[in-house]
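Student: This is the structure, below, for whatever I ask next.
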Protein chains: 2
Amino acid sequence: MSPRLGIVAGSGVLPGRVVAACRASGRDFFVLAIEGHTDPAVAEGSPHAWVRLGALGKAIRILHDERVGEVCLAGPVRRPSWRELRPDLGGIRFLARVGSRAFGDDGLLSAVVERIEEEGFRVVGADEVAVDLLPPSGPLGRHRPDARAEADIGRGVAVARALGALDVGQAVVVQEGVVLGVEAAEGTDALLVRCGGLHSHGPGGVLVKIPKPQQDRRVDLPTIGPDTVRRAHAAGLSGIAVEAGGTLVLERAEVVRVADELGLFVTGIDRPT
Amino acid sequence: MSPRLGIVAGSGVLPGRVVAACRASGRDFFVLAIEGHTDPAVAEGSPHAWVRLGALGKAIRILHDERVGEVCLAGPVRRPSWRELRPDLGGIRFLARVGSRAFGDDGLLSAVVERIEEEGFRVVGADEVAVDLLPPSGPLGRHRPDARAEADIGRGVAVARALGALDVGQAVVVQEGVVLGVEAAEGTDALLVRCGGLHSHGPGGVLVKIPKPQQDRRVDLPTIGPDTVRRAHAAGLSGIAVEAGGTLVLERAEVVRVADELGLFVTGIDRPT
């Protein structure tokens, strides 16, 4: 039987999916909710505690007290400024040790994972708990990319990987070979809204959303859901390319239904080698 | 005496600066204005002709007819879709030859430059005509970057160069080591507006705007002006880093006045080696 799961709940719907998966499989779990980030609906009705983002020392004490064996970091956490962070003693020790690695999400996250593992917890990916979150290779729905879209996907993958290697972003929009937008701190929704305004009203255009090359695949995987499909359609795009086994697809059945209805493809591409 | 200058006028204020520099030095010139891109005020009152963007064959005929010796491509040209382009015969021949190099601004521009040079024209940079457009190394005004800003500039340069190598963009905003935004097709103004909303309200933050590593330095250099300084201030940034000898600074005296007044630095950094 699996040990008790500590769900460190970021924003968005992913933590709720992990909670639902635990309930469905009868797995014991505990939600560590982060003030200002976790949707209260995820914490309510589940065993949980609230902590500030900077209170790493307290968070680790709670996970020990709750006899958690495995920890899942689920959902994005918007990066605060150092001033907003107000770290507790455990947080200060952690930041002092992390130093310049804290620049960039990936450096900070991998340091958090190391810190949790040092405490004897095993860190697991959300997709290990909630199966069916990671798509296979090939089209998920009825539509598939044409040759033009394949070319745009190729360019988008090259740009996304270069950006990701610098720990900047995971999403790129390409139309007719032109990079309309690349994601940094603003998130994919804002990227799509902006690219809708830049779209040439020519054919096609794709959103490519894939993990960073050096990413710890247990945490912070790129994510799409039905709203991503709706926004991509509103931006005039012909489809979305995600990484097979590397991009979380939330509510896959609904993603497929919306994409089929709107005429978009959603396709899993193999991890570049 | 310099041969007659053909000014291929893109958008923005740079073409007007080149016209003014020709007038000031008594140099003979001709403006080739592009429908939907050139500010009509630049063409009016000067010898000029209007062409569609796709009419490359016609444009070259006009430059020959007007006995132009040197050509200056001044100001950005928003990339149209192939459908909007409606190339003439010269344009179709050109695009057929350029092929996949047309993906990305840099590939297309360098092909345009080659095509113009094949016709016997010499291509010159706007900064060769309008001197004082390129800044020296070091702060332009009263303020200078502190250690934190220097660190942000370093990260911004690394990201801008990686993006530029992929022919995506030239501008990056970094605050406290976090990349708030990177520019693609939306332009620097939209980048700054968006980053204002993402700013953590902690200290500082910088805009880095530098040429792409492989850029033909006679065309399409990154540009800032007084409005860039105002927008950077509105976004909560502490300053702007440009490349010494590589970024066009329009209205430098006004840039310095505005920056000094608002408390921002504008500094020229050496080209990375």
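Within each chain, counting starts at residue 1; across the structure tokens, chains are named A, B, ... in the order shown, with ligands numbered 1 upward in that order.
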Which of segment 8-238 of chain A counts as strand (DSSP E or B) under DSSP, as a PDB file with N, CA, C and O atoms, in the first residue's frame please?

Tutor:
ATOM      1  N   VAL A   8       1.513  19.269  -1.949  1.00  0.00           N
ATOM      2  CA  VAL A   8       1.826  20.690  -1.819  1.00  0.00           C
ATOM      3  C   VAL A   8       1.109  21.381  -2.975  1.00  0.00           C
ATOM      4  O   VAL A   8       1.474  21.215  -4.139  1.00  0.00           O
ATOM      5  N   ALA A   9       0.054  22.121  -2.618  1.00  0.00           N
ATOM      6  CA  ALA A   9      -0.913  22.552  -3.624  1.00  0.00           C
ATOM      7  C   ALA A   9      -0.624  23.967  -4.118  1.00  0.00           C
ATOM      8  O   ALA A   9      -0.780  24.936  -3.385  1.00  0.00           O
ATOM      9  N   PHE A  29      -4.108  10.928   2.106  1.00  0.00           N
ATOM     10  CA  PHE A  29      -3.361  12.112   1.652  1.00  0.00           C
ATOM     11  C   PHE A  29      -3.556  13.274   2.618  1.00  0.00           C
ATOM     12  O   PHE A  29      -4.461  13.262   3.469  1.00  0.00           O
ATOM     13  N   PHE A  30      -2.716  14.267   2.476  1.00  0.00           N
ATOM     14  CA  PHE A  30      -2.778  15.499   3.264  1.00  0.00           C
ATOM     15  C   PHE A  30      -2.421  16.668   2.353  1.00  0.00           C
ATOM     16  O   PHE A  30      -1.443  16.594   1.605  1.00  0.00           O
ATOM     17  N   VAL A  31      -3.236  17.745   2.408  1.00  0.00           N
ATOM     18  CA  VAL A  31      -2.992  18.905   1.534  1.00  0.00           C
ATOM     19  C   VAL A  31      -2.259  19.998   2.304  1.00  0.00           C
ATOM     20  O   VAL A  31      -2.732  20.454   3.343  1.00  0.00           O
ATOM     21  N   LEU A  32      -1.093  20.387   1.802  1.00  0.00           N
ATOM     22  CA  LEU A  32      -0.400  21.556   2.334  1.00  0.00           C
ATOM     23  C   LEU A  32      -0.751  22.727   1.413  1.00  0.00           C
ATOM     24  O   LEU A  32      -0.299  22.791   0.263  1.00  0.00           O
ATOM     25  N   ALA A  33      -1.622  23.610   1.917  1.00  0.00           N
ATOM     26  CA  ALA A  33      -2.133  24.715   1.099  1.00  0.00           C
ATOM     27  C   ALA A  33      -1.272  25.956   1.317  1.00  0.00           C
ATOM     28  O   ALA A  33      -0.826  26.222   2.428  1.00  0.00           O
ATOM     29  N   ILE A  34      -1.034  26.703   0.232  1.00  0.00           N
ATOM     30  CA  ILE A  34      -0.156  27.873   0.283  1.00  0.00           C
ATOM     31  C   ILE A  34      -1.012  29.135   0.187  1.00  0.00           C
ATOM     32  O   ILE A  34      -1.762  29.313  -0.789  1.00  0.00           O
ATOM     33  N   HIS A  48      -5.949  19.209   5.886  1.00  0.00           N
ATOM     34  CA  HIS A  48      -5.067  20.208   5.293  1.00  0.00           C
ATOM     35  C   HIS A  48      -4.527  21.182   6.341  1.00  0.00           C
ATOM     36  O   HIS A  48      -5.036  21.247   7.461  1.00  0.00           O
ATOM     37  N   ALA A  49      -3.502  21.920   5.967  1.00  0.00           N
ATOM     38  CA  ALA A  49      -3.007  23.059   6.751  1.00  0.00           C
ATOM     39  C   ALA A  49      -2.563  24.139   5.771  1.00  0.00           C
ATOM     40  O   ALA A  49      -2.164  23.841   4.650  1.00  0.00           O
ATOM     41  N   TRP A  50      -2.678  25.408   6.228  1.00  0.00           N
ATOM     42  CA  TRP A  50      -2.244  26.530   5.401  1.00  0.00           C
ATOM     43  C   TRP A  50      -0.872  27.021   5.869  1.00  0.00           C
ATOM     44  O   TRP A  50      -0.631  27.147   7.059  1.00  0.00           O
ATOM     45  N   VAL A  51       0.013  27.326   4.921  1.00  0.00           N
ATOM     46  CA  VAL A  51       1.297  27.964   5.259  1.00  0.00           C
ATOM     47  C   VAL A  51       1.559  29.123   4.298  1.00  0.00           C
ATOM     48  O   VAL A  51       1.010  29.172   3.200  1.00  0.00           O
ATOM     49  N   GLU A  70       5.314  10.307   0.963  1.00  0.00           N
ATOM     50  CA  GLU A  70       5.657  10.839  -0.357  1.00  0.00           C
ATOM     51  C   GLU A  70       5.086  12.251  -0.494  1.00  0.00           C
ATOM     52  O   GLU A  70       4.074  12.579   0.137  1.00  0.00           O
ATOM     53  N   VAL A  71       5.740  13.080  -1.310  1.00  0.00           N
ATOM     54  CA  VAL A  71       5.299  14.460  -1.502  1.00  0.00           C
ATOM     55  C   VAL A  71       5.120  14.710  -2.993  1.00  0.00           C
ATOM     56  O   VAL A  71       5.963  14.333  -3.807  1.00  0.00           O
ATOM     57  N   CYS A  72       3.997  15.359  -3.332  1.00  0.00           N
ATOM     58  CA  CYS A  72       3.718  15.737  -4.720  1.00  0.00           C
ATOM     59  C   CYS A  72       3.565  17.258  -4.799  1.00  0.00           C
ATOM     60  O   CYS A  72       2.706  17.821  -4.118  1.00  0.00           O
ATOM     61  N   LEU A  73       4.421  17.924  -5.586  1.00  0.00           N
ATOM     62  CA  LEU A  73       4.278  19.372  -5.799  1.00  0.00           C
ATOM     63  C   LEU A  73       3.358  19.558  -6.996  1.00  0.00           C
ATOM     64  O   LEU A  73       3.755  19.304  -8.130  1.00  0.00           O
ATOM     65  N   ALA A  74       2.126  20.001  -6.755  1.00  0.00           N
ATOM     66  CA  ALA A  74       1.132  20.037  -7.829  1.00  0.00           C
ATOM     67  C   ALA A  74       0.656  21.462  -8.083  1.00  0.00           C
ATOM     68  O   ALA A  74       0.184  22.142  -7.178  1.00  0.00           O
ATOM     69  N   ARG A 122       9.904  11.023  -0.289  1.00  0.00           N
ATOM     70  CA  ARG A 122      10.092  10.717  -1.698  1.00  0.00           C
ATOM     71  C   ARG A 122       9.232  11.700  -2.498  1.00  0.00           C
ATOM     72  O   ARG A 122       8.058  11.905  -2.165  1.00  0.00           O
ATOM     73  N   VAL A 123       9.792  12.339  -3.514  1.00  0.00           N
ATOM     74  CA  VAL A 123       9.028  13.285  -4.329  1.00  0.00           C
ATOM     75  C   VAL A 123       8.490  12.553  -5.555  1.00  0.00           C
ATOM     76  O   VAL A 123       9.248  11.902  -6.275  1.00  0.00           O
ATOM     77  N   GLY A 138       1.059  11.393 -30.986  1.00  0.00           N
ATOM     78  CA  GLY A 138       0.042  11.449 -32.037  1.00  0.00           C
ATOM     79  C   GLY A 138      -1.163  12.281 -31.655  1.00  0.00           C
ATOM     80  O   GLY A 138      -1.270  12.766 -30.527  1.00  0.00           O
ATOM     81  N   PRO A 139      -2.087  12.489 -32.611  1.00  0.00           N
ATOM     82  CA  PRO A 139      -3.256  13.344 -32.372  1.00  0.00           C
ATOM     83  C   PRO A 139      -4.161  12.766 -31.281  1.00  0.00           C
ATOM     84  O   PRO A 139      -4.417  11.563 -31.263  1.00  0.00           O
ATOM     85  N   ALA A 171       6.358  27.820 -23.556  1.00  0.00           N
ATOM     86  CA  ALA A 171       5.353  27.920 -24.609  1.00  0.00           C
ATOM     87  C   ALA A 171       5.756  28.941 -25.669  1.00  0.00           C
ATOM     88  O   ALA A 171       6.330  29.989 -25.363  1.00  0.00           O
ATOM     89  N   VAL A 172       5.460  28.608 -26.924  1.00  0.00           N
ATOM     90  CA  VAL A 172       5.802  29.448 -28.066  1.00  0.00           C
ATOM     91  C   VAL A 172       4.642  29.386 -29.065  1.00  0.00           C
ATOM     92  O   VAL A 172       4.051  28.320 -29.251  1.00  0.00           O
ATOM     93  N   VAL A 173       4.310  30.523 -29.693  1.00  0.00           N
ATOM     94  CA  VAL A 173       3.309  30.534 -30.756  1.00  0.00           C
ATOM     95  C   VAL A 173       3.992  30.888 -32.074  1.00  0.00           C
ATOM     96  O   VAL A 173       4.734  31.878 -32.150  1.00  0.00           O
ATOM     97  N   VAL A 174       3.774  30.055 -33.102  1.00  0.00           N
ATOM     98  CA  VAL A 174       4.400  30.248 -34.409  1.00  0.00           C
ATOM     99  C   VAL A 174       3.319  30.219 -35.477  1.00  0.00           C
ATOM    100  O   VAL A 174       2.426  29.366 -35.439  1.00  0.00           O
ATOM    101  N   GLN A 175       3.373  31.174 -36.396  1.00  0.00           N
ATOM    102  CA  GLN A 175       2.469  31.161 -37.544  1.00  0.00           C
ATOM    103  C   GLN A 175       3.256  31.401 -38.809  1.00  0.00           C
ATOM    104  O   GLN A 175       4.001  32.393 -38.903  1.00  0.00           O
ATOM    105  N   VAL A 178       6.835  32.391 -38.516  1.00  0.00           N
ATOM    106  CA  VAL A 178       7.166  33.567 -37.718  1.00  0.00           C
ATOM    107  C   VAL A 178       6.783  33.315 -36.259  1.00  0.00           C
ATOM    108  O   VAL A 178       5.672  32.883 -35.971  1.00  0.00           O
ATOM    109  N   VAL A 179       7.711  33.580 -35.348  1.00  0.00           N
ATOM    110  CA  VAL A 179       7.428  33.428 -33.920  1.00  0.00           C
ATOM    111  C   VAL A 179       6.628  34.640 -33.464  1.00  0.00           C
ATOM    112  O   VAL A 179       7.151  35.743 -33.365  1.00  0.00           O
ATOM    113  N   LEU A 180       5.340  34.447 -33.214  1.00  0.00           N
ATOM    114  CA  LEU A 180       4.486  35.559 -32.796  1.00  0.00           C
ATOM    115  C   LEU A 180       4.731  35.917 -31.336  1.00  0.00           C
ATOM    116  O   LEU A 180       4.647  37.079 -30.954  1.00  0.00           O
ATOM    117  N   GLY A 181       4.999  34.921 -30.511  1.00  0.00           N
ATOM    118  CA  GLY A 181       5.188  35.229 -29.100  1.00  0.00           C
ATOM    119  C   GLY A 181       5.856  34.089 -28.370  1.00  0.00           C
ATOM    120  O   GLY A 181       5.713  32.921 -28.754  1.00  0.00           O
ATOM    121  N   VAL A 182       6.604  34.444 -27.329  1.00  0.00           N
ATOM    122  CA  VAL A 182       7.212  33.447 -26.461  1.00  0.00           C
ATOM    123  C   VAL A 182       6.834  33.787 -25.031  1.00  0.00           C
ATOM    124  O   VAL A 182       6.732  34.947 -24.655  1.00  0.00           O
ATOM    125  N   VAL A 206       0.397  27.690 -34.619  1.00  0.00           N
ATOM    126  CA  VAL A 206       0.353  26.641 -33.598  1.00  0.00           C
ATOM    127  C   VAL A 206       0.878  27.159 -32.268  1.00  0.00           C
ATOM    128  O   VAL A 206       1.713  28.067 -32.214  1.00  0.00           O
ATOM    129  N   LEU A 207       0.360  26.567 -31.184  1.00  0.00           N
ATOM    130  CA  LEU A 207       0.937  26.719 -29.849  1.00  0.00           C
ATOM    131  C   LEU A 207       1.756  25.473 -29.568  1.00  0.00           C
ATOM    132  O   LEU A 207       1.252  24.357 -29.697  1.00  0.00           O
ATOM    133  N   VAL A 208       3.020  25.659 -29.218  1.00  0.00           N
ATOM    134  CA  VAL A 208       3.874  24.545 -28.792  1.00  0.00           C
ATOM    135  C   VAL A 208       4.138  24.712 -27.300  1.00  0.00           C
ATOM    136  O   VAL A 208       4.582  25.777 -26.867  1.00  0.00           O
ATOM    137  N   LYS A 209       3.810  23.694 -26.511  1.00  0.00           N
ATOM    138  CA  LYS A 209       4.034  23.787 -25.061  1.00  0.00           C
ATOM    139  C   LYS A 209       4.683  22.495 -24.588  1.00  0.00           C
ATOM    140  O   LYS A 209       4.040  21.443 -24.536  1.00  0.00           O
ATOM    141  N   THR A 223       1.339  22.521 -18.730  1.00  0.00           N
ATOM    142  CA  THR A 223      -0.029  22.021 -18.605  1.00  0.00           C
ATOM    143  C   THR A 223      -0.930  22.698 -19.622  1.00  0.00           C
ATOM    144  O   THR A 223      -0.796  23.890 -19.882  1.00  0.00           O
ATOM    145  N   ILE A 224      -1.822  21.913 -20.224  1.00  0.00           N
ATOM    146  CA  ILE A 224      -2.911  22.509 -21.002  1.00  0.00           C
ATOM    147  C   ILE A 224      -4.230  21.905 -20.522  1.00  0.00           C
ATOM    148  O   ILE A 224      -4.238  20.872 -19.850  1.00  0.00           O
TER     149      ILE A 224
END

Student: Excluding same-chain residues fewer than 6 positions from Asp28 of chain B, what lies within 12 Å of it counting only C-alpha atoms, as a PyMOL selection string?

Tutor: chain B and resi 1-7+18-22+46-47+66-70+129

Student: Counting only C-alpha atoms, what is within 9 Å of Arg86 of chain A, bar same-chain residues fewer than 6 positions away, as a list in words?

Tutor: Arg52, Leu53, Gly54, Ala55 and Ile92 of chain A

Student: Give me the residues within 12 Å of Gly205 of chain A as an MDAnalysis selection string, counting only C-alpha atoms and dropping any in the same chain fewer than 3 places off.

Tutor: (chainID A and resid 145:156 172:181 192 195:196 198:202 208 232:241 264:265) or (chainID B and resid 81)

Student: Can you write out the residues you just picked, keeping C-alpha atoms, as an mmCIF file, in the first residue's frame?

Tutor:
data_model
loop_
_atom_site.group_PDB
_atom_site.id
_atom_site.type_symbol
_atom_site.label_atom_id
_atom_site.label_comp_id
_atom_site.auth_asym_id
_atom_site.auth_seq_id
_atom_site.Cartn_x
_atom_site.Cartn_y
_atom_site.Cartn_z
ATOM 1 C CA PRO A 145 -1.524 18.928 -38.244
ATOM 2 C CA ASP A 146 -0.960 19.506 -41.975
ATOM 3 C CA ALA A 147 2.481 20.081 -43.511
ATOM 4 C CA ARG A 148 2.434 23.802 -42.762
ATOM 5 C CA ALA A 149 1.525 23.174 -39.130
ATOM 6 C CA GLU A 150 4.264 20.529 -38.878
ATOM 7 C CA ALA A 151 6.808 23.110 -40.044
ATOM 8 C CA ASP A 152 5.535 25.619 -37.471
ATOM 9 C CA ILE A 153 5.702 22.932 -34.763
ATOM 10 C CA GLY A 154 9.330 22.232 -35.685
ATOM 11 C CA ARG A 155 10.284 25.870 -35.358
ATOM 12 C CA GLY A 156 8.298 26.221 -32.123
ATOM 13 C CA VAL A 172 5.802 29.448 -28.066
ATOM 14 C CA VAL A 173 3.309 30.534 -30.756
ATOM 15 C CA VAL A 174 4.400 30.248 -34.409
ATOM 16 C CA GLN A 175 2.469 31.161 -37.544
ATOM 17 C CA GLU A 176 3.842 30.662 -41.058
ATOM 18 C CA GLY A 177 7.336 30.281 -39.637
ATOM 19 C CA VAL A 178 7.166 33.567 -37.718
ATOM 20 C CA VAL A 179 7.428 33.428 -33.920
ATOM 21 C CA LEU A 180 4.486 35.559 -32.796
ATOM 22 C CA GLY A 181 5.188 35.229 -29.100
ATOM 23 C CA LEU A 192 -2.451 33.466 -26.503
ATOM 24 C CA CYS A 195 -0.806 36.486 -30.240
ATOM 25 C CA GLY A 196 -4.435 36.715 -31.332
ATOM 26 C CA LEU A 198 -0.619 39.720 -33.883
ATOM 27 C CA HIS A 199 -2.018 36.938 -36.042
ATOM 28 C CA SER A 200 -1.724 37.851 -39.718
ATOM 29 C CA HIS A 201 -5.187 36.442 -40.553
ATOM 30 C CA GLY A 202 -3.379 34.105 -42.872
ATOM 31 C CA VAL A 208 3.874 24.545 -28.792
ATOM 32 C CA ALA A 232 -5.865 28.950 -29.024
ATOM 33 C CA HIS A 233 -8.959 28.913 -31.236
ATOM 34 C CA ALA A 234 -9.821 32.499 -30.294
ATOM 35 C CA ALA A 235 -6.246 33.475 -31.252
ATOM 36 C CA GLY A 236 -6.782 32.042 -34.747
ATOM 37 C CA LEU A 237 -4.461 29.047 -34.298
ATOM 38 C CA SER A 238 -4.997 25.687 -35.999
ATOM 39 C CA GLY A 239 -3.754 23.534 -33.154
ATOM 40 C CA ILE A 240 -1.594 22.718 -30.154
ATOM 41 C CA ALA A 241 1.493 20.520 -29.916
ATOM 42 C CA LEU A 264 -8.226 22.276 -33.788
ATOM 43 C CA PHE A 265 -5.663 19.517 -33.533
ATOM 44 C CA SER B 81 1.339 37.062 -44.143
#

Student: In Å, how far is it from atom CA of Gly225 of chain B to atom CA of Val255 of chain B?

Tutor: 6.0 Å

Student: Using only C-alpha atoms, pick whichever of A:Gly16, A:Gly164, A:Pro76, A:Pro135 has the shortest atom-to-atom distance to chain B.

Tutor: A:Gly164

Student: What's around Asp189 of chain A at 9 Å? Count only C-alpha atoms, leave out sequence neighbours fewer than 2 positions away in its own chain, and write the answer as a VMD selection string.

Tutor: chain A and resid 186 to 187 191 to 194 227 to 228 231 to 232

Student: At a cut-off of 7 Å, using only C-alpha atoms, what residues contact Val77 of chain A? Leave out same-chain residues fewer than 3 positions from it and give the result as a PyMOL selection string.

Tutor: chain A and resi 10-11+37

Student: Would you save the residues of that selection, restricted to N, CA and C atoms, as a PDB file, in the first residue's frame?

Tutor:
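Result went into part11.pdb, see below:
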ATOM      1  N   GLY A  10      -0.193  24.089  -5.377  1.00  0.00           N
ATOM      2  CA  GLY A  10      -0.049  25.388  -6.022  1.00  0.00           C
ATOM      3  C   GLY A  10      -1.387  25.866  -6.548  1.00  0.00           C
ATOM      4  N   SER A  11      -1.360  26.754  -7.539  1.00  0.00           N
ATOM      5  CA  SER A  11      -2.617  27.296  -8.057  1.00  0.00           C
ATOM      6  C   SER A  11      -3.164  26.400  -9.168  1.00  0.00           C
ATOM      7  N   HIS A  37      -2.172  31.172  -3.001  1.00  0.00           N
ATOM      8  CA  HIS A  37      -1.931  30.366  -4.199  1.00  0.00           C
ATOM      9  C   HIS A  37      -2.942  29.229  -4.355  1.00  0.00           C
TER      10      HIS A  37
END

Student: Suppose you want the space between atom CA of Pro136 of chain A and atom CA of Gly246 of chain A; what is it in Å?

Tutor: 9.3 Å

Student: Between atom CA of Glu254 of chain A and atom CA of Arg230 of chain A, what is the distance, to one decimal in Å?

Tutor: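 Interatomic distance here is 11.1 Å.
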
Student: Just asking: which residues within segment 91-259 of chain A are alpha helix (DSSP H) according to DSSP, as number ranges by chain?

Tutor: A: 91-98, 105-118, 126-129, 147-165, 188-198, 226-234, 252-259
